[in-house]
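Enquirer: Below is entry_3.csv; it holds CSV, C-alpha atoms.
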```csv
chain,number,residue,atom,x,y,z
D,1,MET,CA,40.3,19.5,64.0
D,2,THR,CA,41.2,21.2,60.8
D,3,ALA,CA,43.6,24.1,60.3
D,4,GLU,CA,40.7,26.5,59.8
D,5,HIS,CA,39.1,26.0,63.2
D,6,PRO,CA,39.8,29.1,65.3
D,7,ILE,CA,40.6,29.5,69.0
D,8,ALA,CA,37.8,31.4,70.7
D,9,VAL,CA,38.8,33.7,73.6
D,10,LEU,CA,35.9,34.6,75.9
D,11,GLY,CA,36.1,37.4,78.5
D,12,GLU,CA,36.4,41.0,79.3
D,13,CYS,CA,37.9,44.2,77.8
D,14,VAL,CA,39.1,46.8,80.4
D,15,ALA,CA,40.0,50.4,79.8
D,16,ASP,CA,43.2,50.9,81.7
D,17,ALA,CA,43.4,54.5,82.6
D,18,PHE,CA,46.6,56.1,84.1
D,19,VAL,CA,46.5,59.4,85.8
D,20,ALA,CA,48.8,61.7,83.9
D,21,PRO,CA,51.3,63.8,85.8
D,22,ARG,CA,50.0,67.3,86.8
D,23,GLY,CA,52.3,70.3,87.1
D,24,GLU,CA,50.0,71.9,89.7
D,25,ALA,CA,47.6,70.5,92.2
D,26,ALA,CA,44.8,72.6,90.8
D,27,ALA,CA,45.4,71.5,87.2
D,28,PRO,CA,42.7,69.5,85.5
D,29,LEU,CA,43.0,65.7,85.9
D,30,ALA,CA,44.1,64.0,82.7
D,31,LEU,CA,43.9,60.3,82.0
D,32,ASP,CA,45.9,58.2,79.5
D,33,VAL,CA,43.7,55.3,78.5
D,34,PHE,CA,44.8,52.1,76.9
D,35,PRO,CA,42.8,49.0,75.9
D,36,GLY,CA,43.4,46.1,78.2
D,37,GLY,CA,41.8,43.2,79.9
D,38,GLY,CA,43.4,39.7,80.2
D,39,PRO,CA,41.2,37.8,77.7
D,40,ALA,CA,41.4,40.7,75.2
D,41,ASN,CA,45.2,40.7,75.5
D,42,THR,CA,45.3,37.0,74.9
D,43,ALA,CA,43.2,37.3,71.8
D,44,VAL,CA,45.4,40.1,70.4
D,45,ALA,CA,48.5,38.1,71.1
D,46,LEU,CA,47.1,34.9,69.4
D,47,ALA,CA,46.0,36.8,66.3
D,48,ARG,CA,49.4,38.5,66.0
D,49,LEU,CA,51.1,35.2,66.1
D,50,GLY,CA,49.0,34.0,63.2
D,51,THR,CA,46.4,31.8,64.9
D,52,PRO,CA,42.8,32.3,63.6
D,53,THR,CA,41.2,33.9,66.7
D,54,ARG,CA,37.7,34.8,67.5
D,55,PHE,CA,37.0,37.1,70.4
D,56,LEU,CA,33.8,36.5,72.4
D,57,GLY,CA,33.1,39.7,74.3
D,58,ARG,CA,30.3,42.2,75.0
D,59,LEU,CA,31.6,45.5,73.7
D,60,SER,CA,29.9,48.7,74.8
D,61,HIS,CA,28.8,51.3,72.3
D,62,ASP,CA,30.8,53.9,74.3
D,63,VAL,CA,34.1,55.4,73.4
D,64,PHE,CA,36.0,52.7,75.2
D,65,GLY,CA,34.1,50.0,73.4
D,66,ARG,CA,35.2,51.5,70.1
D,67,LEU,CA,38.8,51.6,71.4
D,68,PHE,CA,38.7,47.9,72.2
D,69,ALA,CA,37.2,47.0,68.9
D,70,ALA,CA,39.8,49.0,67.0
D,71,ARG,CA,42.7,47.3,68.8
D,72,LEU,CA,41.3,43.8,68.3
D,73,ALA,CA,40.4,44.3,64.7
D,74,GLU,CA,43.8,45.9,63.9
D,75,SER,CA,45.5,42.8,65.3
D,76,GLY,CA,43.5,40.5,63.1
D,77,VAL,CA,40.9,39.2,65.6
D,78,ASP,CA,37.6,38.0,64.3
D,79,LEU,CA,34.9,40.2,66.0
D,80,SER,CA,31.9,38.8,64.1
D,81,ARG,CA,30.6,37.0,67.3
D,82,THR,CA,30.9,39.9,69.7
D,83,VAL,CA,27.8,41.4,71.3
D,84,ARG,CA,27.2,45.1,70.9
D,85,ALA,CA,26.1,46.0,74.4
D,86,ALA,CA,24.1,48.9,75.8
D,87,GLN,CA,25.9,48.9,79.2
D,88,PRO,CA,29.1,50.9,79.7
D,89,SER,CA,32.7,49.6,79.5
D,90,THR,CA,34.7,48.4,82.5
D,91,LEU,CA,37.2,51.0,83.6
D,92,ALA,CA,40.3,50.7,85.8
D,93,ILE,CA,42.1,53.8,87.0
D,94,ALA,CA,45.7,53.7,88.2
D,95,ASP,CA,47.4,56.5,90.0
D,96,VAL,CA,51.1,55.7,89.8
D,97,ALA,CA,53.4,57.1,92.6
D,98,GLU,CA,57.0,58.2,92.0
D,99,ASP,CA,58.3,54.8,93.3
D,100,GLY,CA,56.2,53.0,90.6
D,101,SER,CA,53.5,51.7,93.0
D,102,ALA,CA,49.9,52.2,91.9
D,103,ASP,CA,46.7,52.9,93.7
D,104,TYR,CA,43.8,51.4,91.7
D,105,SER,CA,40.1,52.2,91.5
D,106,PHE,CA,37.7,50.0,89.5
D,107,HIS,CA,34.5,50.9,87.8
D,108,ALA,CA,33.0,47.5,87.1
D,109,GLU,CA,29.5,47.4,88.4
D,110,GLN,CA,26.8,46.5,85.9
D,111,THR,CA,29.2,47.0,83.0
D,112,ALA,CA,28.9,45.3,79.6
D,113,ASP,CA,31.4,42.5,80.2
D,114,TRP,CA,29.4,40.6,82.8
D,115,GLN,CA,25.9,40.5,81.3
D,116,TRP,CA,26.2,37.2,79.2
D,117,THR,CA,23.1,35.2,78.6
D,118,ASP,CA,22.9,31.5,77.6
D,119,ASP,CA,21.4,32.5,74.2
D,120,GLU,CA,24.2,35.0,73.5
D,121,LEU,CA,26.9,32.5,74.3
D,122,ALA,CA,25.2,29.8,72.2
D,123,THR,CA,25.3,32.2,69.2
D,124,ALA,CA,28.8,33.3,69.9
D,125,THR,CA,30.2,29.8,70.0
D,126,ALA,CA,28.2,28.3,67.1
D,127,GLY,CA,30.3,26.5,64.5
D,128,PRO,CA,33.7,24.6,64.7
D,129,LEU,CA,36.3,25.7,67.3
D,130,SER,CA,39.6,24.1,68.2
D,131,CYS,CA,39.7,25.6,71.7
D,132,LEU,CA,37.7,27.9,74.0
D,133,HIS,CA,40.0,29.9,76.3
D,134,THR,CA,38.4,31.9,79.1
D,135,GLY,CA,38.8,33.0,82.7
D,136,SER,CA,39.5,36.1,84.7
D,137,LEU,CA,36.5,38.1,85.9
D,138,ALA,CA,34.1,36.7,83.2
D,139,LEU,CA,33.9,33.5,85.2
D,140,VAL,CA,33.1,35.0,88.5
D,141,GLN,CA,31.1,38.2,88.0
D,142,GLN,CA,27.4,38.2,88.2
D,143,PRO,CA,25.1,37.7,86.4
D,144,GLY,CA,27.0,36.2,83.5
D,145,GLY,CA,29.5,34.0,85.3
D,146,PRO,CA,27.1,31.1,85.8
D,147,ALA,CA,26.2,31.2,82.1
D,148,VAL,CA,29.9,31.0,81.1
D,149,GLU,CA,30.3,28.0,83.4
D,150,ARG,CA,27.3,26.3,81.8
D,151,LEU,CA,29.0,26.9,78.4
D,152,LEU,CA,32.2,25.1,79.5
D,153,ALA,CA,30.3,22.0,80.3
D,154,GLU,CA,28.5,22.1,76.9
D,155,ILE,CA,31.4,23.0,74.7
D,156,ARG,CA,33.9,20.5,75.9
D,157,ASP,CA,32.2,17.9,73.7
D,158,ARG,CA,33.6,19.7,70.7
D,159,ALA,CA,36.5,21.8,71.7
D,160,THR,CA,39.5,21.9,74.1
D,161,VAL,CA,38.7,24.0,77.1
D,162,SER,CA,41.4,26.3,78.6
D,163,VAL,CA,40.8,28.2,81.8
D,164,ASP,CA,43.0,31.0,83.4
D,165,PRO,CA,41.5,32.2,86.7
D,166,ASN,CA,43.6,35.4,86.8
D,167,VAL,CA,42.5,36.2,90.3
D,168,ARG,CA,41.6,39.8,91.0
D,169,PRO,CA,41.3,40.2,94.8
D,170,LEU,CA,40.5,43.9,94.6
D,171,LEU,CA,37.3,43.1,92.7
D,172,VAL,CA,36.3,39.6,93.8
D,173,ASP,CA,36.9,37.8,97.1
D,174,PRO,CA,39.4,35.0,96.3
D,175,ALA,CA,37.0,32.7,98.2
D,176,VAL,CA,34.7,32.9,95.3
D,177,TYR,CA,37.4,31.6,93.0
D,178,ARG,CA,38.4,28.8,95.5
D,179,GLU,CA,34.8,27.6,95.7
D,180,ALA,CA,34.4,27.5,91.9
D,181,LEU,CA,37.8,26.1,91.0
D,182,PRO,CA,36.9,22.4,91.4
D,183,ARG,CA,34.1,22.9,88.9
D,184,TRP,CA,36.4,24.6,86.5
D,185,CYS,CA,38.9,21.8,86.8
D,186,ALA,CA,36.2,19.3,86.0
D,187,ALA,CA,35.3,21.1,82.8
D,188,ALA,CA,38.8,22.2,81.6
D,189,ASP,CA,41.5,20.4,79.8
D,190,ILE,CA,44.1,23.1,80.5
D,191,LEU,CA,44.4,25.2,83.7
D,192,ARG,CA,46.9,28.0,83.8
D,193,LEU,CA,47.7,30.0,86.9
D,194,SER,CA,50.4,32.5,88.0
D,195,ASP,CA,52.3,32.1,91.2
D,196,ASP,CA,50.3,35.1,92.5
D,197,ASP,CA,47.0,33.2,91.7
D,198,LEU,CA,48.4,30.1,93.4
D,199,ALA,CA,49.1,32.1,96.6
D,200,GLN,CA,45.4,33.2,96.7
D,201,LEU,CA,43.9,29.8,95.7
D,202,ARG,CA,46.1,27.3,97.5
D,203,PRO,CA,47.9,29.3,100.2
D,204,GLY,CA,51.0,27.5,101.4
D,205,ALA,CA,50.9,24.8,98.7
D,206,THR,CA,53.9,24.2,96.4
D,207,PRO,CA,53.1,24.4,92.6
D,208,GLU,CA,53.5,20.6,92.5
D,209,GLU,CA,51.1,20.0,95.4
D,210,ALA,CA,48.6,22.4,93.8
D,211,ALA,CA,48.9,20.6,90.5
D,212,ASP,CA,48.1,17.3,92.0
D,213,ALA,CA,45.0,18.7,93.7
D,214,PHE,CA,43.8,20.2,90.4
D,215,HIS,CA,44.5,16.9,88.6
D,216,ALA,CA,42.3,15.1,91.3
D,217,ASP,CA,39.5,17.6,90.4
D,218,GLY,CA,39.7,16.5,86.7
D,219,VAL,CA,42.0,18.8,84.7
D,220,PRO,CA,44.8,16.9,82.9
D,221,LEU,CA,47.2,19.7,82.1
D,222,VAL,CA,48.2,22.3,84.7
D,223,VAL,CA,50.6,25.2,83.9
D,224,VAL,CA,52.0,27.5,86.6
D,225,THR,CA,54.0,30.6,85.5
D,226,LEU,CA,56.6,31.5,88.1
D,227,GLY,CA,57.9,34.8,86.8
D,228,ALA,CA,61.7,34.9,86.8
D,229,GLU,CA,61.7,31.3,88.0
D,230,GLY,CA,60.3,30.1,84.7
D,231,VAL,CA,57.2,27.9,84.3
D,232,LEU,CA,56.1,24.5,85.5
D,233,ALA,CA,53.6,22.2,83.7
D,234,SER,CA,52.1,19.0,85.0
D,235,LEU,CA,50.6,16.6,82.4
D,236,HIS,CA,48.8,13.9,84.2
D,237,GLY,CA,51.4,14.3,87.0
D,238,GLU,CA,54.4,14.3,84.7
D,239,ARG,CA,56.4,17.5,85.7
D,240,LEU,CA,57.9,19.6,83.0
D,241,ARG,CA,59.9,22.8,83.6
D,242,VAL,CA,61.2,25.6,81.3
D,243,PRO,CA,63.4,28.5,82.5
D,244,THR,CA,62.7,32.2,81.8
D,245,PRO,CA,65.0,33.5,79.1
D,246,PRO,CA,67.3,36.4,80.1
D,247,THR,CA,65.3,39.5,79.5
D,248,ARG,CA,65.5,43.2,80.3
D,249,VAL,CA,62.1,43.8,82.0
D,250,VAL,CA,60.4,47.2,81.4
D,251,ASP,CA,57.2,46.1,83.0
D,252,THR,CA,55.2,42.8,83.3
D,253,VAL,CA,51.8,44.1,82.1
D,254,GLY,CA,50.2,41.4,79.9
D,255,ALA,CA,53.0,38.9,80.4
D,256,GLY,CA,50.8,36.0,81.6
D,257,ASP,CA,48.2,36.7,78.9
D,258,SER,CA,50.8,36.7,76.2
D,259,PHE,CA,52.5,33.6,77.6
D,260,MET,CA,49.1,31.8,77.3
D,261,ALA,CA,48.7,32.9,73.8
D,262,GLY,CA,52.1,31.6,72.8
D,263,PHE,CA,51.4,28.3,74.6
D,264,LEU,CA,48.0,27.8,72.9
D,265,HIS,CA,49.4,28.8,69.5
D,266,ALA,CA,52.2,26.2,69.8
D,267,LEU,CA,49.8,23.5,70.9
D,268,ARG,CA,47.4,24.3,68.0
D,269,THR,CA,50.4,24.3,65.5
D,270,ALA,CA,51.3,20.8,66.8
D,271,GLY,CA,47.7,19.6,66.1
D,272,ALA,CA,47.1,19.0,69.8
D,273,LEU,CA,43.9,21.1,70.3
D,274,GLY,CA,40.3,20.1,69.4
D,275,GLY,CA,39.6,17.4,71.9
D,276,ARG,CA,40.6,16.1,75.3
D,277,LEU,CA,44.4,16.4,74.7
D,278,GLU,CA,44.5,12.7,73.6
D,279,GLY,CA,48.0,11.8,72.6
D,280,LEU,CA,49.6,15.0,73.9
D,281,THR,CA,53.2,14.3,74.7
D,282,GLY,CA,55.5,15.8,77.3
D,283,GLN,CA,57.8,16.9,74.4
D,284,GLN,CA,54.9,18.9,72.8
D,285,VAL,CA,54.1,20.5,76.1
D,286,THR,CA,57.7,21.5,76.7
D,287,GLU,CA,58.0,23.0,73.2
D,288,ALA,CA,54.8,25.0,73.8
D,289,LEU,CA,56.1,26.2,77.2
D,290,GLU,CA,59.3,27.3,75.5
D,291,PHE,CA,57.4,29.3,72.9
D,292,GLY,CA,55.1,30.8,75.5
D,293,VAL,CA,58.0,32.1,77.6
D,294,ARG,CA,59.6,33.6,74.4
D,295,VAL,CA,56.4,35.5,73.7
D,296,ALA,CA,56.1,36.7,77.3
D,297,ALA,CA,59.8,37.8,77.2
D,298,ALA,CA,59.0,40.0,74.2
D,299,VAL,CA,56.1,41.6,76.0
D,300,VAL,CA,57.9,42.4,79.3
D,301,SER,CA,60.8,44.0,77.3
D,302,VAL,CA,58.4,46.8,76.1
D,303,ARG,CA,56.0,49.2,77.8
D,304,GLY,CA,52.5,47.9,78.4
D,305,ALA,CA,50.6,44.9,77.0
D,306,ASN,CA,51.9,45.1,73.4
D,307,PRO,CA,52.3,41.5,72.2
D,308,PRO,CA,54.7,40.8,69.3
D,309,TRP,CA,53.7,39.9,65.8
D,310,ALA,CA,55.0,36.7,64.3
D,311,LYS,CA,57.4,38.6,62.0
D,312,ASP,CA,58.8,40.4,65.0
D,313,LEU,CA,59.7,37.2,66.8
D,314,GLU,CA,61.2,35.8,63.6
D,315,ALA,CA,63.3,38.9,63.1
D,316,ALA,CA,64.5,38.7,66.7
D,317,GLY,CA,65.4,35.0,66.3
D,318,GLN,CA,62.7,34.0,68.7
```
Could you render the structure from this file as structure tokens?

Expert:
Amino acid sequence: MTAEHPIAVLGECVADAFVAPRGEAAAPLALDVFPGGGPANTAVALARLGTPTRFLGRLSHDVFGRLFAARLAESGVDLSRTVRAAQPSTLAIADVAEDGSADYSFHAEQTADWQWTDDELATATAGPLSCLHTGSLALVQQPGGPAVERLLAEIRDRATVSVDPNVRPLLVDPAVYREALPRWCAAADILRLSDDDLAQLRPGATPEEAADAFHADGVPLVVVTLGAEGVLASLHGERLRVPTPPTRVVDTVGAGDSFMAGFLHALRTAGALGGRLEGLTGQQVTEALEFGVRVAAAVVSVRGANPPWAKDLEAAGQ
């Protein structure tokens, strides 16, 4: 792997719409819309850290698709392999109560993100890559999910494969993820989950017990983010832990996505990506975990999924 080989991030963009406060019940409904989606957030964070990053997405021609493209491009993400899609963008609407809780509605049926074909994916991933990172809804939504799975099996001969299931139980039954997870572990080199994901996928299991099960299915490196409790990694069964740095939390939107960007950025900087993680050491994993939690801490200290630029981390001593 040479320094020029990018990380490709494959997955969805989601328009996150928040219902704006209304002075009167009869006032027109207004929405504040922000570009989101876990894979898109990871691509933005990677590019802002200075990693050459290619986003593989199907962007609608609608107003939200243009919003996504602008955010990705402004962050330095390569959009040359995106598909310009005729279908509409995926939309999530959150009505936030006074206590901060949110009632969500999703508009994700037959949207652009899920319509991948084998030919589109072959074109999008042509050429050298150091890593393909994917997950979330792109791996489970029909009809494109099976095509993405087939891509993982093909591309692992020439790039490291990273998978983040990012379970979304309001949209997809967790049983769908549980059924597919052994196949993803067999194809992946890195599996990242949150503690919330783990509760859905391996109910009652400790992170260590879950990691051993995932190793048995074939994945060599498992990373479990535990919120305020830090992060656990298991490399072929070797346990590695890193605490969460003291942080004033504004919200946790995009924290896991940004952690993964920092983690992959650090592994790539160490020259560890490009193959089957041959020669990867516990020390390299620990250093990547430490960088990942610093990136995540910067994100949770500001409103929304707004990953830091490399210069911001340097200025903050991070």

Enquirer: Under the rule that only C-alpha atoms are counted, which of D:Leu289, D:Leu277, D:Ala147, D:Val295 is the nearest residue to D:Gly254?

Expert: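 Once distances to D:Gly254 are computed over only C-alpha atoms, the minimum belongs to D:Val295.
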
Enquirer: Grab the atom CA of D:Thr160 to atom CA of D:Ala138 distance for me, in Å with one decimal place.

Expert: 18.2 Å

Enquirer: To test the calculation: enclose all listed atoms of stretch 214-233 of chain D in a box whose edges run along x, y and z, add 8 Å on each side, then state centre and edge lengths in Å to one decimal, as JSON.

Expert:
```
{"center_x": 50.6, "center_y": 25.0, "center_z": 86.7, "size_x": 38.2, "size_y": 35.8, "size_z": 25.2}
```

Enquirer: Any idea what's packed within 8 Å of D:Ala122, counting all atoms listed in the file, ignoring anything in its chain fewer than 4 positions away? Could you give it as a PyMOL selection string?

Expert: chain D and resi 118+126+151

Enquirer: Just how far from atom CA of D:Ala270 is atom CA of D:Pro52, in Å to one decimal?

Expert: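 Separation of atom CA of D:Pro52 and atom CA of D:Ala270: 14.7 Å.
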
Enquirer: So how many Å separate atom CA of D:Glu149 and atom CA of D:Tyr177, to one decimal?

Expert: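 Answer for the atom CA of D:Glu149 to atom CA of D:Tyr177 separation: 12.5 Å.
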
Enquirer: Which residue out of D:Leu171, D:Leu137, D:Val161, D:Leu46 has the minimum interatomic distance to D:Ser105 when all atoms listed in the file are used?

Expert: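 So, comparing all the options, the nearest one is D:Leu171.
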
Enquirer: Compile a residue-level contact table for stretch 117-151 of chain D against stretch 70-90 of chain D at a cut-off of 8 Å, reporting for every qualifying residue the shortest atom pair and its distance in Å to one decimal, with all atoms listed in the file counted, rows ordered by chain and ascending number, as JSON lines.

Expert:
```
{"residue": "D:Glu120", "atom": "CA", "partner": "D:Val83", "partner_atom": "CA", "distance": 7.7}
{"residue": "D:Thr123", "atom": "CA", "partner": "D:Arg81", "partner_atom": "CA", "distance": 7.4}
{"residue": "D:Ala124", "atom": "CA", "partner": "D:Arg81", "partner_atom": "CA", "distance": 4.9}
{"residue": "D:Thr125", "atom": "CA", "partner": "D:Arg81", "partner_atom": "CA", "distance": 7.7}
```

Enquirer: Within 10 Å of D:Arg202, counting all atoms listed in the file, which residues qualify if same-chain residues fewer than 6 places away don't, as a compact mmCIF listing (two decimals) with C-alpha atoms, keeping the file's coordinate frame?

Expert:
```txt
# COMPACT_ATOMS: atom_id res chain seq x y z
CA ARG D 178 38.40 28.80 95.50
CA GLU D 209 51.10 20.00 95.40
CA ALA D 210 48.60 22.40 93.80
CA ALA D 213 45.00 18.70 93.70
```

Enquirer: Using all atoms listed in the file, which protein or nucleic acid residues come within 9 Å of D:Val9? Drop anything in the same chain fewer than 6 positions from it, and give the result as JSON, numbers by chain.

Expert: {"D": [39, 40, 42, 43, 53, 54, 55, 56, 57, 131, 132, 133, 134]}

Enquirer: Using only C-alpha atoms, which of the listed residues (D:Arg294, D:His236, D:His5, D:Arg192) sits closest to D:Val224?

Expert: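 Smallest separation from D:Val224 among the options: D:Arg192.
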
Enquirer: Kindly indicate which residue among D:Ala30, D:Ile155, D:Ile7, D:Val242 lies nearest to D:Leu264, using only C-alpha atoms for the distances.

Expert: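 Counting only C-alpha atoms, the residue closest to D:Leu264 is D:Ile7.
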
Enquirer: Please list as a PyMOL selection string every residue within 8 Å of stretch 193-196 of chain D, counting only C-alpha atoms and excluding residues in the same chain fewer than 3 positions away.

Expert: chain D and resi 164-166+199-200+207+223-227+256

Enquirer: Go ahead and write the selection's residues with C-alpha atoms as a PDB file, in the coordinates of the input.

Expert:
```pdb
ATOM      1  CA  ASP D 164      43.000  31.000  83.400  1.00  0.00           C
ATOM      2  CA  PRO D 165      41.500  32.200  86.700  1.00  0.00           C
ATOM      3  CA  ASN D 166      43.600  35.400  86.800  1.00  0.00           C
ATOM      4  CA  ALA D 199      49.100  32.100  96.600  1.00  0.00           C
ATOM      5  CA  GLN D 200      45.400  33.200  96.700  1.00  0.00           C
ATOM      6  CA  PRO D 207      53.100  24.400  92.600  1.00  0.00           C
ATOM      7  CA  VAL D 223      50.600  25.200  83.900  1.00  0.00           C
ATOM      8  CA  VAL D 224      52.000  27.500  86.600  1.00  0.00           C
ATOM      9  CA  THR D 225      54.000  30.600  85.500  1.00  0.00           C
ATOM     10  CA  LEU D 226      56.600  31.500  88.100  1.00  0.00           C
ATOM     11  CA  GLY D 227      57.900  34.800  86.800  1.00  0.00           C
ATOM     12  CA  GLY D 256      50.800  36.000  81.600  1.00  0.00           C
TER      13      GLY D 256
END
```

Enquirer: Which is closest to D:Asn306 among D:Asp217, D:Arg66, D:Ala228, D:Asp257, if we use all atoms listed in the file?

Expert: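 Of D:Asp217, D:Arg66, D:Ala228, D:Asp257, the one nearest D:Asn306 is D:Asp257, counting all atoms listed in the file.
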
Enquirer: Pick out the closest residue to D:Ala8 from this set: D:Gly237, D:Pro21, D:Gly262, D:Pro128. Count all atoms listed in the file.

Expert: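 Between D:Gly237, D:Pro21, D:Gly262, D:Pro128, the residue approaching D:Ala8 most closely is D:Pro128.
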
Enquirer: So that I can see what lies close to D:Ala316, please list as a JSON list (two decimals) with C-alpha atoms, keeping the file's coordinate frame the residues with an atom at most 12 Å from it, counting all atoms listed in the file and leaving out residues fewer than 5 positions away in the same chain.

Expert:
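Once everything was written out, this is out-v8.json:
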```
[["chain", "number", "residue", "atom", "x", "y", "z"],
["D", 294, "ARG", "CA", 59.60, 33.60, 74.40],
["D", 295, "VAL", "CA", 56.40, 35.50, 73.70],
["D", 297, "ALA", "CA", 59.80, 37.80, 77.20],
["D", 298, "ALA", "CA", 59.00, 40.00, 74.20],
["D", 308, "PRO", "CA", 54.70, 40.80, 69.30],
["D", 309, "TRP", "CA", 53.70, 39.90, 65.80],
["D", 310, "ALA", "CA", 55.00, 36.70, 64.30],
["D", 311, "LYS", "CA", 57.40, 38.60, 62.00]]
```
